[in-house]
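Note sheet for the following structure.
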Amino acid sequence: MLVVVTYDVSTVDAKPGARRLHRVAKVCESYGIRVQKSVFECQVGATEWVELRAKLLREIKLDEDSLRFYFIDQADRVRIEHHGVDKPLDLETDALIV
C-alpha cells in the first residue's frame, strides 16, 4: 500500500524538538522517500505499516506534534499530479538504495 506520511514536530523547545524532528525523519527515511520537507511516500506491506506507525507514534509527543497518514489505493495513484522540480520516484519500479 502507498501511505503518505506528514508530520509537524514542535520545536518551541529547540533541542528536544529538533531531536524528535530528526528521529521522525529517520524513521520515515527507512520506509520511504521524502517528497517535501515533512512529507514522505512509503510503499509498505501490512507488517511494515504496523511497524512504521508504531515507531512514529513512539517518537512524537501527542500533546505537541502532529502526525497524519494518507492511504492511496492503486486506482488513485494514477491520479497523483506533480508539478515543479524533482520528478518523483515510482516507489514500485525505481530502485531505492539505502
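Simple scheme: letters A, B, ... for chains in C-alpha cells order, numbers from 1 for residues in each chain, numbers from 1 for ligands in the order shown.
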
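When the distance limit is 8 Å and only C-alpha atoms are what count, the residues near range 69-75 of chain A, minus those fewer than 2 positions from it on the same chain, are Met1, Leu2, Val3, Val4, Val5, Thr6, Leu67, Arg77, Val78 and Arg79 of chain A.
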
Include N, CA and C atoms and write out the residues we just selected as an mmCIF file, in the first residue's frame.
data_model
loop_
_atom_site.group_PDB
_atom_site.id
_atom_site.type_symbol
_atom_site.label_atom_id
_atom_site.label_comp_id
_atom_site.auth_asym_id
_atom_site.auth_seq_id
_atom_site.Cartn_x
_atom_site.Cartn_y
_atom_site.Cartn_z
ATOM 1 N N MET A 1 0.837 -1.177 0.000
ATOM 2 C CA MET A 1 0.000 0.000 0.000
ATOM 3 C C MET A 1 0.880 1.237 0.000
ATOM 4 N N LEU A 2 0.381 2.295 -0.594
ATOM 5 C CA LEU A 2 1.095 3.567 -0.586
ATOM 6 C C LEU A 2 0.520 4.409 0.539
ATOM 7 N N VAL A 3 1.389 4.798 1.463
ATOM 8 C CA VAL A 3 0.996 5.628 2.592
ATOM 9 C C VAL A 3 1.791 6.925 2.509
ATOM 10 N N VAL A 4 1.086 8.040 2.544
ATOM 11 C CA VAL A 4 1.739 9.337 2.603
ATOM 12 C C VAL A 4 1.756 9.744 4.071
ATOM 13 N N VAL A 5 2.957 10.005 4.589
ATOM 14 C CA VAL A 5 3.142 10.381 5.982
ATOM 15 C C VAL A 5 3.496 11.857 6.034
ATOM 16 N N THR A 6 2.754 12.614 6.832
ATOM 17 C CA THR A 6 3.075 14.021 7.042
ATOM 18 C C THR A 6 3.203 14.261 8.538
ATOM 19 N N LEU A 67 0.854 14.173 13.442
ATOM 20 C CA LEU A 67 1.261 13.093 12.555
ATOM 21 C C LEU A 67 0.024 12.644 11.792
ATOM 22 N N ARG A 77 -3.546 6.195 -7.445
ATOM 23 C CA ARG A 77 -2.132 6.515 -7.719
ATOM 24 C C ARG A 77 -1.954 7.158 -9.085
ATOM 25 N N VAL A 78 -2.752 6.726 -10.058
ATOM 26 C CA VAL A 78 -2.620 7.283 -11.408
ATOM 27 C C VAL A 78 -3.148 8.711 -11.469
ATOM 28 N N ARG A 79 -3.836 9.141 -10.426
ATOM 29 C CA ARG A 79 -4.397 10.487 -10.389
ATOM 30 C C ARG A 79 -3.509 11.477 -9.638
#

Set out as a tab-separated table a contact list for range 42-71 of chain A and range 8-15 of chain A with a cut-off of 8 Å, giving each residue of range 42-71 of chain A that qualifies its closest atom pair and distance in Å to one decimal, counting only C-alpha atoms, ordered by chain and rising residue number.
residue	atom	partner	partner_atom	distance
A:Ile60	CA	A:Val9	CA	7.3
A:Glu64	CA	A:Ser10	CA	5.9
A:Asp65	CA	A:Val9	CA	4.6
A:Ser66	CA	A:Asp8	CA	5.0
A:Leu67	CA	A:Asp8	CA	6.6

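Interatomic distance, CA of Leu21 in chain A to CA of Lys61 in chain A: 10.6 Å.
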
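Running DSSP on the backbone gives strand (DSSP E) for these residues within chain A: Leu2, Val3, Val4, Val5, Thr6, Tyr7, Asp8, Ile33, Arg34, Val35, Gln36, Val39, Phe40, Glu41, Cys42, Gln43, Ser66, Leu67, Arg68, Phe69, Tyr70, Phe71 and Ile72 of chain A.
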
- Query: Using only C-alpha atoms, which residues sit within 12 Å of Lys26 in chain A once same-chain residues fewer than 6 positions away are excluded, as a PyMOL selection string?
  - Reply: chain A and resi 19-20+32-34+38+40+52+55-56+59+98

Write the residues of the preceding selection, restricted to C-alpha atoms, as an mmCIF file, in the first residue's frame.
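Dumped everything to selection_16.cif:
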data_model
loop_
_atom_site.group_PDB
_atom_site.id
_atom_site.type_symbol
_atom_site.label_atom_id
_atom_site.label_comp_id
_atom_site.auth_asym_id
_atom_site.auth_seq_id
_atom_site.Cartn_x
_atom_site.Cartn_y
_atom_site.Cartn_z
ATOM 1 C CA ARG A 19 15.892 15.726 18.237
ATOM 2 C CA ARG A 20 12.296 14.475 17.810
ATOM 3 C CA GLY A 32 10.004 5.594 2.017
ATOM 4 C CA ILE A 33 11.171 8.674 0.182
ATOM 5 C CA ARG A 34 10.946 12.327 1.141
ATOM 6 C CA SER A 38 7.899 16.864 6.258
ATOM 7 C CA PHE A 40 7.141 11.032 2.828
ATOM 8 C CA LEU A 52 6.162 2.263 10.739
ATOM 9 C CA LYS A 55 7.787 3.643 15.559
ATOM 10 C CA LEU A 56 6.443 7.068 14.632
ATOM 11 C CA GLU A 59 8.775 9.333 18.626
ATOM 12 C CA VAL A 98 19.560 2.678 1.412
#

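Comparing the minimum interatomic distances between Lys37 in chain A and each of A:Gly84, A:Tyr7, A:Arg68, A:Pro16, counting only C-alpha atoms, we find that A:Tyr7 sits nearest.
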
- Quick one: pick out all alpha helix (DSSP H) residues within chain A from a backbone DSSP run and write them as a PyMOL selection string. chain A and resi 14-29+46-59+74-77

Taking C-alpha atoms for each residue, export the selection above as an mmCIF file, in the first residue's frame.
data_model
loop_
_atom_site.group_PDB
_atom_site.id
_atom_site.type_symbol
_atom_site.label_atom_id
_atom_site.label_comp_id
_atom_site.auth_asym_id
_atom_site.auth_seq_id
_atom_site.Cartn_x
_atom_site.Cartn_y
_atom_site.Cartn_z
ATOM 1 C CA ALA A 14 14.562 23.865 20.480
ATOM 2 C CA LYS A 15 16.819 20.964 21.476
ATOM 3 C CA PRO A 16 14.252 18.279 22.330
ATOM 4 C CA GLY A 17 12.057 19.346 19.416
ATOM 5 C CA ALA A 18 14.945 19.188 16.947
ATOM 6 C CA ARG A 19 15.892 15.726 18.237
ATOM 7 C CA ARG A 20 12.296 14.475 17.810
ATOM 8 C CA LEU A 21 12.116 16.021 14.354
ATOM 9 C CA HIS A 22 15.342 14.253 13.336
ATOM 10 C CA ARG A 23 14.178 10.901 14.745
ATOM 11 C CA VAL A 24 10.792 11.117 12.991
ATOM 12 C CA ALA A 25 12.518 11.900 9.677
ATOM 13 C CA LYS A 26 14.944 8.984 10.148
ATOM 14 C CA VAL A 27 12.078 6.541 10.730
ATOM 15 C CA CYS A 28 10.305 7.792 7.606
ATOM 16 C CA GLU A 29 13.503 7.602 5.541
ATOM 17 C CA ALA A 46 0.837 -4.785 6.126
ATOM 18 C CA THR A 47 3.627 -5.760 8.535
ATOM 19 C CA GLU A 48 5.802 -2.784 7.581
ATOM 20 C CA TRP A 49 2.824 -0.452 8.026
ATOM 21 C CA VAL A 50 2.269 -1.661 11.594
ATOM 22 C CA GLU A 51 5.995 -1.196 12.353
ATOM 23 C CA LEU A 52 6.162 2.263 10.739
ATOM 24 C CA ARG A 53 3.100 3.520 12.613
ATOM 25 C CA ALA A 54 4.296 2.164 15.963
ATOM 26 C CA LYS A 55 7.787 3.643 15.559
ATOM 27 C CA LEU A 56 6.443 7.068 14.632
ATOM 28 C CA LEU A 57 3.934 7.117 17.477
ATOM 29 C CA ARG A 58 6.778 6.339 19.903
ATOM 30 C CA GLU A 59 8.775 9.333 18.626
ATOM 31 C CA GLN A 74 -3.810 1.712 -6.654
ATOM 32 C CA ALA A 75 -6.652 3.315 -8.600
ATOM 33 C CA ASP A 76 -5.898 6.745 -7.142
ATOM 34 C CA ARG A 77 -2.132 6.515 -7.719
#
